[in-house]
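Structure file start-v3.cif with mmCIF, C-alpha atoms and all ligand atoms; chains and numbers go by the auth columns:
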```
data_protein
loop_
_atom_site.group_PDB
_atom_site.id
_atom_site.type_symbol
_atom_site.label_atom_id
_atom_site.label_comp_id
_atom_site.label_asym_id
_atom_site.label_seq_id
_atom_site.Cartn_x
_atom_site.Cartn_y
_atom_site.Cartn_z
_atom_site.B_iso_or_equiv
_atom_site.auth_seq_id
_atom_site.auth_asym_id
ATOM 1 C CA MET A 1 -0.078 -6.800 20.869 0.00 1 A
ATOM 2 C CA SER A 2 -0.514 -8.401 17.531 0.00 2 A
ATOM 3 C CA GLU A 3 -3.565 -10.699 17.391 0.00 3 A
ATOM 4 C CA ILE A 4 -3.194 -12.205 13.955 0.00 4 A
ATOM 5 C CA ILE A 5 0.032 -11.249 12.228 0.00 5 A
ATOM 6 C CA GLY A 6 3.214 -13.101 13.196 0.00 6 A
ATOM 7 C CA LYS A 7 1.723 -15.477 15.810 0.00 7 A
ATOM 8 C CA LYS A 8 3.741 -18.119 13.992 0.00 8 A
ATOM 9 C CA ILE A 9 7.044 -17.305 12.280 0.00 9 A
ATOM 10 C CA ILE A 10 8.880 -19.796 10.088 0.00 10 A
ATOM 11 C CA LYS A 11 12.521 -18.706 9.900 0.00 11 A
ATOM 12 C CA LEU A 12 14.624 -19.973 7.020 0.00 12 A
ATOM 13 C CA ASP A 13 18.350 -19.372 6.630 0.00 13 A
ATOM 14 C CA GLU A 14 18.201 -19.362 2.880 0.00 14 A
ATOM 15 C CA VAL A 15 15.455 -19.686 0.292 0.00 15 A
ATOM 16 C CA ASP A 16 14.939 -18.680 -3.340 0.00 16 A
ATOM 17 C CA SER A 17 12.143 -16.290 -2.386 0.00 17 A
ATOM 18 C CA THR A 18 9.829 -16.245 0.640 0.00 18 A
ATOM 19 C CA ASN A 19 6.905 -15.558 -1.709 0.00 19 A
ATOM 20 C CA ASN A 20 7.786 -18.642 -3.767 0.00 20 A
ATOM 21 C CA TYR A 21 8.114 -20.756 -0.623 0.00 21 A
ATOM 22 C CA ALA A 22 4.807 -19.524 0.778 0.00 22 A
ATOM 23 C CA THR A 23 2.749 -19.781 -2.417 0.00 23 A
ATOM 24 C CA LYS A 24 4.160 -23.266 -3.122 0.00 24 A
ATOM 25 C CA ASN A 25 3.442 -24.624 0.351 0.00 25 A
ATOM 26 C CA ILE A 26 0.336 -22.770 1.511 0.00 26 A
ATOM 27 C CA GLU A 27 -2.127 -25.450 0.463 0.00 27 A
ATOM 28 C CA LYS A 28 0.068 -28.289 1.727 0.00 28 A
ATOM 29 C CA TYR A 29 0.683 -26.955 5.260 0.00 29 A
ATOM 30 C CA ASN A 30 -2.571 -25.140 5.936 0.00 30 A
ATOM 31 C CA TRP A 31 -0.790 -22.429 7.913 0.00 31 A
ATOM 32 C CA SER A 32 -2.894 -20.376 10.290 0.00 32 A
ATOM 33 C CA GLU A 33 -3.757 -16.829 9.265 0.00 33 A
ATOM 34 C CA GLY A 34 -0.945 -14.370 9.890 0.00 34 A
ATOM 35 C CA THR A 35 1.854 -16.956 9.599 0.00 35 A
ATOM 36 C CA ILE A 36 5.110 -15.369 8.474 0.00 36 A
ATOM 37 C CA VAL A 37 7.774 -17.003 6.334 0.00 37 A
ATOM 38 C CA LEU A 38 11.013 -15.097 6.887 0.00 38 A
ATOM 39 C CA ALA A 39 14.432 -15.605 5.326 0.00 39 A
ATOM 40 C CA ARG A 40 17.843 -14.337 6.345 0.00 40 A
ATOM 41 C CA GLN A 41 18.845 -14.531 2.716 0.00 41 A
ATOM 42 C CA GLN A 42 16.996 -14.861 -0.584 0.00 42 A
ATOM 43 C CA LEU A 43 18.792 -16.298 -3.593 0.00 43 A
ATOM 44 C CA LYS A 44 16.168 -15.130 -6.038 0.00 44 A
ATOM 45 C CA GLY A 45 14.233 -12.380 -4.296 0.00 45 A
ATOM 46 C CA ARG A 46 11.443 -11.201 -6.557 0.00 46 A
ATOM 47 C CA GLY A 47 10.213 -7.680 -7.190 0.00 47 A
ATOM 48 C CA GLN A 48 7.212 -6.355 -9.098 0.00 48 A
ATOM 49 C CA ILE A 49 6.787 -7.431 -12.729 0.00 49 A
ATOM 50 C CA ASN A 50 9.712 -9.825 -13.120 0.00 50 A
ATOM 51 C CA SER A 51 12.263 -7.606 -11.425 0.00 51 A
ATOM 52 C CA SER A 52 14.568 -8.856 -8.673 0.00 52 A
ATOM 53 C CA TRP A 53 14.938 -7.702 -5.074 0.00 53 A
ATOM 54 C CA GLU A 54 18.426 -7.012 -3.751 0.00 54 A
ATOM 55 C CA SER A 55 19.403 -7.695 -0.163 0.00 55 A
ATOM 56 C CA GLU A 56 22.654 -8.514 1.619 0.00 56 A
ATOM 57 C CA PRO A 57 22.282 -11.600 3.869 0.00 57 A
ATOM 58 C CA ASN A 58 21.145 -10.866 7.450 0.00 58 A
ATOM 59 C CA LYS A 59 20.874 -7.129 6.923 0.00 59 A
ATOM 60 C CA ASN A 60 17.248 -6.581 6.028 0.00 60 A
ATOM 61 C CA LEU A 61 13.772 -7.934 6.633 0.00 61 A
ATOM 62 C CA LEU A 62 12.603 -10.302 3.921 0.00 62 A
ATOM 63 C CA PHE A 63 9.346 -12.064 4.628 0.00 63 A
ATOM 64 C CA SER A 64 5.898 -13.040 3.435 0.00 64 A
ATOM 65 C CA ILE A 65 2.687 -12.942 5.443 0.00 65 A
ATOM 66 C CA VAL A 66 -0.036 -15.503 4.780 0.00 66 A
ATOM 67 C CA LEU A 67 -3.583 -14.117 4.958 0.00 67 A
ATOM 68 C CA TYR A 68 -7.028 -15.530 4.195 0.00 68 A
ATOM 69 C CA PRO A 69 -9.130 -12.398 3.611 0.00 69 A
ATOM 70 C CA GLN A 70 -11.994 -14.490 2.279 0.00 70 A
ATOM 71 C CA VAL A 71 -14.621 -11.841 2.999 0.00 71 A
ATOM 72 C CA LEU A 72 -12.978 -9.618 0.417 0.00 72 A
ATOM 73 C CA PRO A 73 -14.392 -9.627 -3.118 0.00 73 A
ATOM 74 C CA ALA A 74 -11.549 -10.157 -5.615 0.00 74 A
ATOM 75 C CA HIS A 75 -12.481 -6.780 -7.104 0.00 75 A
ATOM 76 C CA TYR A 76 -11.254 -5.081 -3.908 0.00 76 A
ATOM 77 C CA GLN A 77 -7.904 -6.834 -3.659 0.00 77 A
ATOM 78 C CA PHE A 78 -6.030 -3.527 -3.783 0.00 78 A
ATOM 79 C CA LEU A 79 -7.170 -2.983 -0.187 0.00 79 A
ATOM 80 C CA ILE A 80 -4.654 -5.632 0.876 0.00 80 A
ATOM 81 C CA SER A 81 -1.894 -3.602 -0.768 0.00 81 A
ATOM 82 C CA LYS A 82 -3.065 -0.525 1.089 0.00 82 A
ATOM 83 C CA VAL A 83 -3.154 -2.326 4.442 0.00 83 A
ATOM 84 C CA ILE A 84 0.353 -3.730 4.069 0.00 84 A
ATOM 85 C CA ALA A 85 1.826 -0.469 2.765 0.00 85 A
ATOM 86 C CA LEU A 86 0.209 1.484 5.620 0.00 86 A
ATOM 87 C CA GLY A 87 1.657 -0.938 8.161 0.00 87 A
ATOM 88 C CA VAL A 88 5.169 -0.728 6.711 0.00 88 A
ATOM 89 C CA ALA A 89 4.955 3.067 6.386 0.00 89 A
ATOM 90 C CA GLY A 90 3.798 3.250 10.016 0.00 90 A
ATOM 91 C CA VAL A 91 6.967 1.473 11.123 0.00 91 A
ATOM 92 C CA ALA A 92 9.267 3.566 8.902 0.00 92 A
ATOM 93 C CA LYS A 93 7.631 6.605 10.525 0.00 93 A
ATOM 94 C CA LYS A 94 9.018 5.491 13.896 0.00 94 A
ATOM 95 C CA TYR A 95 12.525 6.048 12.524 0.00 95 A
ATOM 96 C CA THR A 96 12.061 9.257 10.558 0.00 96 A
ATOM 97 C CA ASP A 97 9.654 11.764 8.989 0.00 97 A
ATOM 98 C CA ASN A 98 8.812 12.189 5.322 0.00 98 A
ATOM 99 C CA VAL A 99 7.456 8.686 4.869 0.00 99 A
ATOM 100 C CA PHE A 100 5.230 8.188 1.853 0.00 100 A
ATOM 101 C CA ILE A 101 3.543 5.422 -0.087 0.00 101 A
ATOM 102 C CA LYS A 102 4.424 5.648 -3.732 0.00 102 A
ATOM 103 C CA TRP A 103 1.591 4.120 -5.720 0.00 103 A
ATOM 104 C CA PRO A 104 0.903 1.297 -5.820 0.00 104 A
ATOM 105 C CA ASN A 105 2.734 0.112 -2.718 0.00 105 A
ATOM 106 C CA ASP A 106 6.366 1.211 -2.480 0.00 106 A
ATOM 107 C CA VAL A 107 7.318 2.798 0.806 0.00 107 A
ATOM 108 C CA TYR A 108 9.441 5.892 0.410 0.00 108 A
ATOM 109 C CA ILE A 109 11.473 8.058 2.736 0.00 109 A
ATOM 110 C CA GLY A 110 11.770 11.409 1.013 0.00 110 A
ATOM 111 C CA HIS A 111 12.363 10.481 -2.614 0.00 111 A
ATOM 112 C CA LYS A 112 13.981 7.092 -1.917 0.00 112 A
ATOM 113 C CA LYS A 113 12.559 3.606 -1.637 0.00 113 A
ATOM 114 C CA VAL A 114 12.935 1.855 1.713 0.00 114 A
ATOM 115 C CA ALA A 115 10.528 -1.045 1.142 0.00 115 A
ATOM 116 C CA GLY A 116 8.904 -2.993 -1.647 0.00 116 A
ATOM 117 C CA ILE A 117 5.789 -5.135 -1.467 0.00 117 A
ATOM 118 C CA LEU A 118 4.811 -8.059 -3.678 0.00 118 A
ATOM 119 C CA ILE A 119 1.322 -9.454 -3.144 0.00 119 A
ATOM 120 C CA GLU A 120 0.114 -12.680 -4.728 0.00 120 A
ATOM 121 C CA ASN A 121 -3.508 -13.736 -4.313 0.00 121 A
ATOM 122 C CA SER A 122 -5.553 -16.813 -5.082 0.00 122 A
ATOM 123 C CA ILE A 123 -9.121 -16.221 -6.175 0.00 123 A
ATOM 124 C CA MET A 124 -11.922 -18.471 -4.841 0.00 124 A
ATOM 125 C CA GLY A 125 -15.097 -17.864 -6.838 0.00 125 A
ATOM 126 C CA MET A 126 -15.748 -14.141 -6.557 0.00 126 A
ATOM 127 C CA ASN A 127 -13.558 -13.703 -3.468 0.00 127 A
ATOM 128 C CA ILE A 128 -9.952 -13.882 -2.386 0.00 128 A
ATOM 129 C CA GLY A 129 -8.853 -17.294 -1.131 0.00 129 A
ATOM 130 C CA TRP A 130 -5.386 -16.657 0.206 0.00 130 A
ATOM 131 C CA SER A 131 -3.004 -13.788 -0.050 0.00 131 A
ATOM 132 C CA VAL A 132 0.782 -14.016 0.249 0.00 132 A
ATOM 133 C CA CYS A 133 2.104 -10.563 1.088 0.00 133 A
ATOM 134 C CA GLY A 134 5.837 -10.300 0.501 0.00 134 A
ATOM 135 C CA ILE A 135 7.689 -7.454 2.150 0.00 135 A
ATOM 136 C CA GLY A 136 11.297 -6.414 1.662 0.00 136 A
ATOM 137 C CA LEU A 137 12.277 -3.684 4.109 0.00 137 A
ATOM 138 C CA ASN A 138 15.802 -2.269 3.927 0.00 138 A
ATOM 139 C CA VAL A 139 17.022 -2.055 7.505 0.00 139 A
ATOM 140 C CA ASN A 140 20.787 -2.271 8.075 0.00 140 A
ATOM 141 C CA GLN A 141 22.166 -2.365 4.524 0.00 141 A
ATOM 142 C CA ARG A 142 24.217 0.756 3.840 0.00 142 A
ATOM 143 C CA LYS A 143 25.248 0.244 0.220 0.00 143 A
ATOM 144 C CA PHE A 144 23.313 -1.139 -2.726 0.00 144 A
ATOM 145 C CA THR A 145 25.098 -2.419 -5.792 0.00 145 A
ATOM 146 C CA GLY A 146 22.360 -4.202 -7.715 0.00 146 A
ATOM 147 C CA GLY A 147 21.155 -1.223 -9.703 0.00 147 A
ATOM 148 C CA ALA A 148 17.964 -0.419 -7.765 0.00 148 A
ATOM 149 C CA PRO A 149 17.358 3.206 -8.797 0.00 149 A
ATOM 150 C CA ASN A 150 16.967 4.942 -5.434 0.00 150 A
ATOM 151 C CA PRO A 151 17.314 2.644 -2.406 0.00 151 A
ATOM 152 C CA VAL A 152 17.586 3.753 1.204 0.00 152 A
ATOM 153 C CA SER A 153 17.627 1.901 4.556 0.00 153 A
ATOM 154 C CA LEU A 154 16.317 2.629 8.028 0.00 154 A
ATOM 155 C CA ILE A 155 19.937 2.599 9.254 0.00 155 A
ATOM 156 C CA HIS A 156 20.464 5.856 7.407 0.00 156 A
ATOM 157 C CA PHE A 157 18.132 7.397 10.007 0.00 157 A
ATOM 158 C CA SER A 158 19.402 5.584 13.074 0.00 158 A
ATOM 159 C CA GLU A 159 22.469 6.128 15.223 0.00 159 A
ATOM 160 C CA LYS A 160 23.113 2.450 15.806 0.00 160 A
ATOM 161 C CA GLU A 161 22.585 -0.960 14.205 0.00 161 A
ATOM 162 C CA ILE A 162 18.900 -1.906 14.271 0.00 162 A
ATOM 163 C CA GLN A 163 17.757 -5.202 15.810 0.00 163 A
ATOM 164 C CA LEU A 164 15.811 -6.920 13.033 0.00 164 A
ATOM 165 C CA ASP A 165 13.538 -8.711 15.536 0.00 165 A
ATOM 166 C CA ASP A 166 12.451 -5.415 17.097 0.00 166 A
ATOM 167 C CA THR A 167 11.513 -3.972 13.710 0.00 167 A
ATOM 168 C CA LEU A 168 9.727 -7.201 12.786 0.00 168 A
ATOM 169 C CA ASN A 169 7.647 -7.027 15.981 0.00 169 A
ATOM 170 C CA MET A 170 6.671 -3.452 15.173 0.00 170 A
ATOM 171 C CA LEU A 171 5.688 -4.484 11.657 0.00 171 A
ATOM 172 C CA CYS A 172 3.501 -7.296 12.998 0.00 172 A
ATOM 173 C CA GLU A 173 1.691 -4.872 15.286 0.00 173 A
ATOM 174 C CA GLU A 174 1.212 -2.144 12.699 0.00 174 A
ATOM 175 C CA ILE A 175 0.034 -4.464 9.938 0.00 175 A
ATOM 176 C CA ASP A 176 -2.179 -6.313 12.417 0.00 176 A
ATOM 177 C CA GLY A 177 -3.887 -3.050 13.340 0.00 177 A
ATOM 178 C CA TRP A 178 -4.607 -2.141 9.723 0.00 178 A
ATOM 179 C CA TYR A 179 -5.650 -5.682 8.810 0.00 179 A
ATOM 180 C CA ARG A 180 -8.198 -5.734 11.637 0.00 180 A
ATOM 181 C CA ILE A 181 -9.570 -2.406 10.397 0.00 181 A
ATOM 182 C CA LEU A 182 -10.026 -4.081 7.009 0.00 182 A
ATOM 183 C CA LEU A 183 -11.778 -7.104 8.549 0.00 183 A
ATOM 184 C CA ALA A 184 -14.064 -4.722 10.455 0.00 184 A
ATOM 185 C CA GLY A 185 -15.082 -3.212 7.109 0.00 185 A
ATOM 186 C CA GLU A 186 -13.797 0.270 7.939 0.00 186 A
ATOM 187 C CA ILE A 187 -12.682 0.902 4.393 0.00 187 A
ATOM 188 C CA ASP A 188 -13.018 4.687 4.609 0.00 188 A
ATOM 189 C CA LYS A 189 -10.362 4.762 7.323 0.00 189 A
ATOM 190 C CA ILE A 190 -7.949 2.803 5.136 0.00 190 A
ATOM 191 C CA ASP A 191 -8.646 4.918 2.060 0.00 191 A
ATOM 192 C CA ALA A 192 -8.172 8.161 3.994 0.00 192 A
ATOM 193 C CA ALA A 193 -4.895 7.039 5.576 0.00 193 A
ATOM 194 C CA TYR A 194 -3.569 5.813 2.223 0.00 194 A
ATOM 195 C CA ALA A 195 -4.433 9.098 0.492 0.00 195 A
ATOM 196 C CA ASP A 196 -2.818 10.963 3.348 0.00 196 A
ATOM 197 C CA ARG A 197 0.475 9.125 2.826 0.00 197 A
ATOM 198 C CA LEU A 198 0.382 9.051 -0.973 0.00 198 A
ATOM 199 C CA TYR A 199 3.605 10.294 -2.577 0.00 199 A
ATOM 200 C CA ARG A 200 2.987 13.439 -4.681 0.00 200 A
ATOM 201 C CA TYR A 201 -0.731 13.511 -3.737 0.00 201 A
ATOM 202 C CA ASN A 202 -2.270 16.815 -4.818 0.00 202 A
ATOM 203 C CA GLU A 203 1.122 18.098 -6.023 0.00 203 A
ATOM 204 C CA LYS A 204 1.804 19.296 -9.514 0.00 204 A
ATOM 205 C CA ALA A 205 4.597 17.194 -11.053 0.00 205 A
ATOM 206 C CA LEU A 206 6.010 15.766 -14.242 0.00 206 A
ATOM 207 C CA TYR A 207 5.014 12.351 -15.615 0.00 207 A
ATOM 208 C CA SER A 208 5.174 10.438 -18.833 0.00 208 A
ATOM 209 C CA ASP A 209 2.723 8.001 -20.388 0.00 209 A
ATOM 210 C CA ASN A 210 2.368 6.538 -23.870 0.00 210 A
ATOM 211 C CA ASN A 211 1.271 9.951 -25.138 0.00 211 A
ATOM 212 C CA GLY A 212 4.480 11.619 -23.928 0.00 212 A
ATOM 213 C CA THR A 213 5.547 13.865 -21.069 0.00 213 A
ATOM 214 C CA PHE A 214 2.985 15.926 -19.192 0.00 214 A
ATOM 215 C CA THR A 215 2.374 17.914 -16.033 0.00 215 A
ATOM 216 C CA GLY A 216 -0.385 16.719 -13.772 0.00 216 A
ATOM 217 C CA THR A 217 -1.612 16.233 -10.217 0.00 217 A
ATOM 218 C CA ILE A 218 -2.299 12.900 -8.540 0.00 218 A
ATOM 219 C CA ALA A 219 -5.969 12.966 -7.553 0.00 219 A
ATOM 220 C CA GLY A 220 -6.061 9.580 -5.850 0.00 220 A
ATOM 221 C CA VAL A 221 -6.533 5.894 -6.516 0.00 221 A
ATOM 222 C CA ASN A 222 -9.825 4.304 -7.555 0.00 222 A
ATOM 223 C CA GLU A 223 -11.332 1.256 -5.833 0.00 223 A
ATOM 224 C CA ILE A 224 -9.580 -1.202 -8.113 0.00 224 A
ATOM 225 C CA GLY A 225 -6.239 0.440 -7.397 0.00 225 A
ATOM 226 C CA GLN A 226 -5.706 2.421 -10.577 0.00 226 A
ATOM 227 C CA LEU A 227 -3.904 5.751 -10.247 0.00 227 A
ATOM 228 C CA LEU A 228 -5.812 8.894 -11.183 0.00 228 A
ATOM 229 C CA ILE A 229 -3.843 11.870 -12.484 0.00 229 A
ATOM 230 C CA ARG A 230 -5.506 15.114 -13.487 0.00 230 A
ATOM 231 C CA LYS A 231 -3.517 16.364 -16.456 0.00 231 A
ATOM 232 C CA ASP A 232 -2.953 20.087 -16.849 0.00 232 A
ATOM 233 C CA THR A 233 -5.158 19.884 -19.915 0.00 233 A
ATOM 234 C CA GLY A 234 -8.036 19.083 -17.514 0.00 234 A
ATOM 235 C CA LEU A 235 -8.278 15.434 -18.546 0.00 235 A
ATOM 236 C CA MET A 236 -8.459 12.853 -15.739 0.00 236 A
ATOM 237 C CA ALA A 237 -6.220 9.930 -16.764 0.00 237 A
ATOM 238 C CA THR A 238 -6.436 6.443 -15.222 0.00 238 A
ATOM 239 C CA TYR A 239 -3.388 4.189 -15.074 0.00 239 A
ATOM 240 C CA ASN A 240 -2.544 0.585 -14.347 0.00 240 A
ATOM 241 C CA PHE A 241 0.865 -0.276 -12.924 0.00 241 A
ATOM 242 C CA LYS A 242 3.734 0.606 -15.290 0.00 242 A
ATOM 243 C CA GLN A 243 1.528 2.692 -17.603 0.00 243 A
ATOM 244 C CA VAL A 244 2.843 5.922 -16.147 0.00 244 A
ATOM 245 C CA GLU A 245 6.317 6.988 -15.150 0.00 245 A
ATOM 246 C CA TYR A 246 7.129 9.529 -12.463 0.00 246 A
ATOM 247 C CA LEU A 247 9.775 11.962 -13.788 0.00 247 A
HETATM 248 C C1 LIG B . 9.115 -4.455 -5.418 0.00 1 B
HETATM 249 O O1 LIG B . 9.544 -4.676 -6.540 0.00 1 B
HETATM 250 O O2 LIG B . 9.080 -3.316 -4.973 0.00 1 B
HETATM 251 C C2 LIG B . 8.605 -5.585 -4.565 0.00 1 B
HETATM 252 C C3 LIG B . 9.715 -6.210 -3.767 0.00 1 B
HETATM 253 C C4 LIG B . 9.246 -7.291 -2.821 0.00 1 B
HETATM 254 C C5 LIG B . 10.404 -7.968 -2.131 0.00 1 B
HETATM 255 C C6 LIG B . 9.963 -8.960 -1.095 0.00 1 B
HETATM 256 S S1 LIG B . 11.317 -9.612 -0.174 0.00 1 B
HETATM 257 C C7 LIG B . 10.296 -10.816 0.536 0.00 1 B
HETATM 258 C C8 LIG B . 9.341 -11.294 -0.557 0.00 1 B
HETATM 259 N N1 LIG B . 9.937 -12.375 -1.308 0.00 1 B
HETATM 260 C C9 LIG B . 10.220 -12.010 -2.558 0.00 1 B
HETATM 261 O O3 LIG B . 10.778 -12.735 -3.416 0.00 1 B
HETATM 262 N N2 LIG B . 9.822 -10.747 -2.778 0.00 1 B
HETATM 263 C C10 LIG B . 9.210 -10.173 -1.602 0.00 1 B
#
```
Will you turn the file into structure tokens for me?
Ligand code: BTN
Amino acid sequence: MSEIIGKKIIKLDEVDSTNNYATKNIEKYNWSEGTIVLARQQLKGRGQINSSWESEPNKNLLFSIVLYPQVLPAHYQFLISKVIALGVAGVAKKYTDNVFIKWPNDVYIGHKKVAGILIENSIMGMNIGWSVCGIGLNVNQRKFTGGAPNPVSLIHFSEKEIQLDDTLNMLCEEIDGWYRILLAGEIDKIDAAYADRLYRYNEKALYSDNNGTFTGTIAGVNEIGQLLIRKDTGLMATYNFKQVEYL
């Protein structure tokens, strides 16, 4: 049973973006921790760094979770990304194998993206004030036309149409479990599970950065969420989001 996440769910038929709705209204409505804003359709679903998020109406899960992880120093905000990605990956795992987290927080099945996560935080002094964790999980959509490079849905691994409410309940439970581990301060557990699920972890592969194409091995993620890749030259390179491309 979920103790925090999804105790209250606000269901909207249509909204520009659940993240916009939540960040705009969080201070006005004082929602309790774990409140979910869910939409059947988003008119302007947002992805990472000004991209958009495609979803056919009523086919997928589109929602934002409101958290107040005020014990967390702002410096450690990447832990929220880890917690959410682990929860979503845990649910995808119930449908199929080969589930990975592609840094920073995409959830992959094989080499295809099944879920995207967009986290927006407010900072209160040195700590996090609130966190709006937007999740787009492809569930029943079979075809994608919006140009996302490599989308996939859970339905591709299921014999019949998936009940969105069942998957949402599973997500609440999984994310709740990981979030309580975070609140208990068991950071090592989170770090180990994230590394364990990390796409291309410890595998030699091809990348490109502003110095060109190179072969390297993902060695992990540091505490502020930067990706570490050991280049074949021996150099350990550190990347922020969008500074390295997986080839
Ligand atoms: C990504 O680019 O991978 C992040 C996608 C995040 C999409 C979700 S859908 C629900 C929430 N509302 C938004 O506008 N975006 C997030």
With ligand LIG 1 (chain B) as the partner and 7 Å as the cut-off, tabulate the residues of chain A that qualify, each row holding the nearest pair of atoms and their distance in Å to one decimal, using only C-alpha atoms and all ligand atoms, sorted by chain and rising number, as a tab-separated table.
```
residue	atom	partner	partner_atom	distance
A:Ser17	CA	B:LIG1	O3	3.9
A:Thr18	CA	B:LIG1	N1	4.3
A:Asn19	CA	B:LIG1	N1	4.4
A:Asn20	CA	B:LIG1	O3	6.6
A:Lys44	CA	B:LIG1	O3	6.5
A:Gly45	CA	B:LIG1	O3	3.6
A:Arg46	CA	B:LIG1	O3	3.6
A:Gly47	CA	B:LIG1	O1	3.1
A:Gln48	CA	B:LIG1	O1	3.8
A:Ser51	CA	B:LIG1	O1	6.3
A:Ser52	CA	B:LIG1	O1	6.9
A:Trp53	CA	B:LIG1	C5	5.4
A:Leu62	CA	B:LIG1	C7	4.1
A:Phe63	CA	B:LIG1	C7	4.4
A:Ser64	CA	B:LIG1	C8	5.6
A:Asp106	CA	B:LIG1	O2	5.8
A:Ala115	CA	B:LIG1	O2	6.7
A:Gly116	CA	B:LIG1	O2	3.3
A:Ile117	CA	B:LIG1	C2	4.2
A:Leu118	CA	B:LIG1	C4	4.6
A:Gly134	CA	B:LIG1	C8	3.8
A:Ile135	CA	B:LIG1	C6	4.2
A:Gly136	CA	B:LIG1	S1	3.7
```
**Request:** Name the residues in contact with A:Arg230 at a cut-off of 12 Å, using only C-alpha atoms, excluding same-chain residues fewer than 4 positions from it; report them as number ranges by chain.
**Result:** A: 201-207, 214-221, 234-239
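Minimum atom-to-atom distance to A:Asn211, evaluated using all atoms listed in the file, belongs to A:Val244 out of A:Ile65, A:Met126, A:Val244, A:Ile155.
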**Item:** Surrounding residues of stretch 69-79 of chain A excluding itself and chain neighbours under 6 positions, 6 Å, all atoms listed in the file, as a ChimeraX atom specification
**Value:** /A:126-129,224-225
Convert the current residue selection to file output with C-alpha atoms, as a JSON list (two decimals), in the coordinates of the input.
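Result saved to result_10.json:
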```json
[["chain", "number", "residue", "atom", "x", "y", "z"],
["A", 126, "MET", "CA", -15.75, -14.14, -6.56],
["A", 127, "ASN", "CA", -13.56, -13.70, -3.47],
["A", 128, "ILE", "CA", -9.95, -13.88, -2.39],
["A", 129, "GLY", "CA", -8.85, -17.29, -1.13],
["A", 224, "ILE", "CA", -9.58, -1.20, -8.11],
["A", 225, "GLY", "CA", -6.24, 0.44, -7.40]]
```
**Request:** Tell me which of A:Pro57, A:Gly87, A:Gly185, A:Gly34 sits closest to A:Met170, counting all atoms listed in the file.
**Result:** A:Gly87
Take every atom of stretch 119-131 of chain A listed in the file, fit an axis-aligned box around them, add 3 Å per side, and give the centre and edge lengths in Å to one decimal as JSON.
```
{"center_x": -7.2, "center_y": -14.0, "center_z": -3.3, "size_x": 23.1, "size_y": 15.0, "size_z": 13.0}
```
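Minimum atom-to-atom distance to A:Met124, evaluated using all atoms listed in the file, belongs to A:Tyr68 out of A:Tyr68, A:Asn30, A:Asp188, A:Leu43.
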**Message:** Selection in question (the file shown): the PyMOL selection byres (((chain A and resi 150) around 6) and not hetatm). Which residues does it include, as a ChimeraX atom specification?
**Reply:** /A:112-113,148-149,151
Selected residues written out, C-alpha atoms, as a compact mmCIF listing (two decimals), in the coordinates of the input:
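File written: part_17.txt
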```
# COMPACT_ATOMS: atom_id res chain seq x y z
CA LYS A 112 13.98 7.09 -1.92
CA LYS A 113 12.56 3.61 -1.64
CA ALA A 148 17.96 -0.42 -7.76
CA PRO A 149 17.36 3.21 -8.80
CA PRO A 151 17.31 2.64 -2.41
```
**Message:** For A:Pro104, find every residue with an atom within 8 Å (counting only C-alpha atoms), except residues of its own chain fewer than 4 positions away, and show them as a PyMOL selection string.
**Reply:** chain A and resi 81+225+227+241
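Here the question is which of A:Tyr194, A:Tyr179, A:Phe157, A:Tyr199 gets nearest to A:Tyr95 using only C-alpha atoms, and that residue is A:Phe157.
Of note, atom CA of A:Ser131 and atom CA of A:Ile5 are spaced 12.9 Å apart.
Taken over the shown file, the PyMOL selection byres (((chain A and resi 107) around 9) and not hetatm) identifies Ala85, Leu86, Val88, Ala89, Ala92, Val99, Phe100, Ile101, Lys102, Trp103, Asn105, Asp106, Tyr108, Ile109, Lys112, Lys113, Val114, Ala115, Gly116, Ile117 and Leu137 of chain A.
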Could you write out that same residue set with C-alpha atoms as a PDB file, in the coordinates of the input?
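Produced file out-v1.pdb, reproduced below:
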```pdb
ATOM      1  CA  ALA A  85       1.826  -0.469   2.765  1.00  0.00           C
ATOM      2  CA  LEU A  86       0.209   1.484   5.620  1.00  0.00           C
ATOM      3  CA  VAL A  88       5.169  -0.728   6.711  1.00  0.00           C
ATOM      4  CA  ALA A  89       4.955   3.067   6.386  1.00  0.00           C
ATOM      5  CA  ALA A  92       9.267   3.566   8.902  1.00  0.00           C
ATOM      6  CA  VAL A  99       7.456   8.686   4.869  1.00  0.00           C
ATOM      7  CA  PHE A 100       5.230   8.188   1.853  1.00  0.00           C
ATOM      8  CA  ILE A 101       3.543   5.422  -0.087  1.00  0.00           C
ATOM      9  CA  LYS A 102       4.424   5.648  -3.732  1.00  0.00           C
ATOM     10  CA  TRP A 103       1.591   4.120  -5.720  1.00  0.00           C
ATOM     11  CA  ASN A 105       2.734   0.112  -2.718  1.00  0.00           C
ATOM     12  CA  ASP A 106       6.366   1.211  -2.480  1.00  0.00           C
ATOM     13  CA  TYR A 108       9.441   5.892   0.410  1.00  0.00           C
ATOM     14  CA  ILE A 109      11.473   8.058   2.736  1.00  0.00           C
ATOM     15  CA  LYS A 112      13.981   7.092  -1.917  1.00  0.00           C
ATOM     16  CA  LYS A 113      12.559   3.606  -1.637  1.00  0.00           C
ATOM     17  CA  VAL A 114      12.935   1.855   1.713  1.00  0.00           C
ATOM     18  CA  ALA A 115      10.528  -1.045   1.142  1.00  0.00           C
ATOM     19  CA  GLY A 116       8.904  -2.993  -1.647  1.00  0.00           C
ATOM     20  CA  ILE A 117       5.789  -5.135  -1.467  1.00  0.00           C
ATOM     21  CA  LEU A 137      12.277  -3.684   4.109  1.00  0.00           C
TER      22      LEU A 137
END
```
**Request:** Specify as JSON, numbers by chain each residue included when the PyMOL selection byres (((chain A and resi 163) around 10) and not hetatm) is applied to this file.
**Result:** {"A": [59, 60, 139, 140, 160, 161, 162, 164, 165, 166, 167, 168]}
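Interatomic distance, atom CA of A:Arg40 to atom CA of A:Glu27: 23.6 Å.
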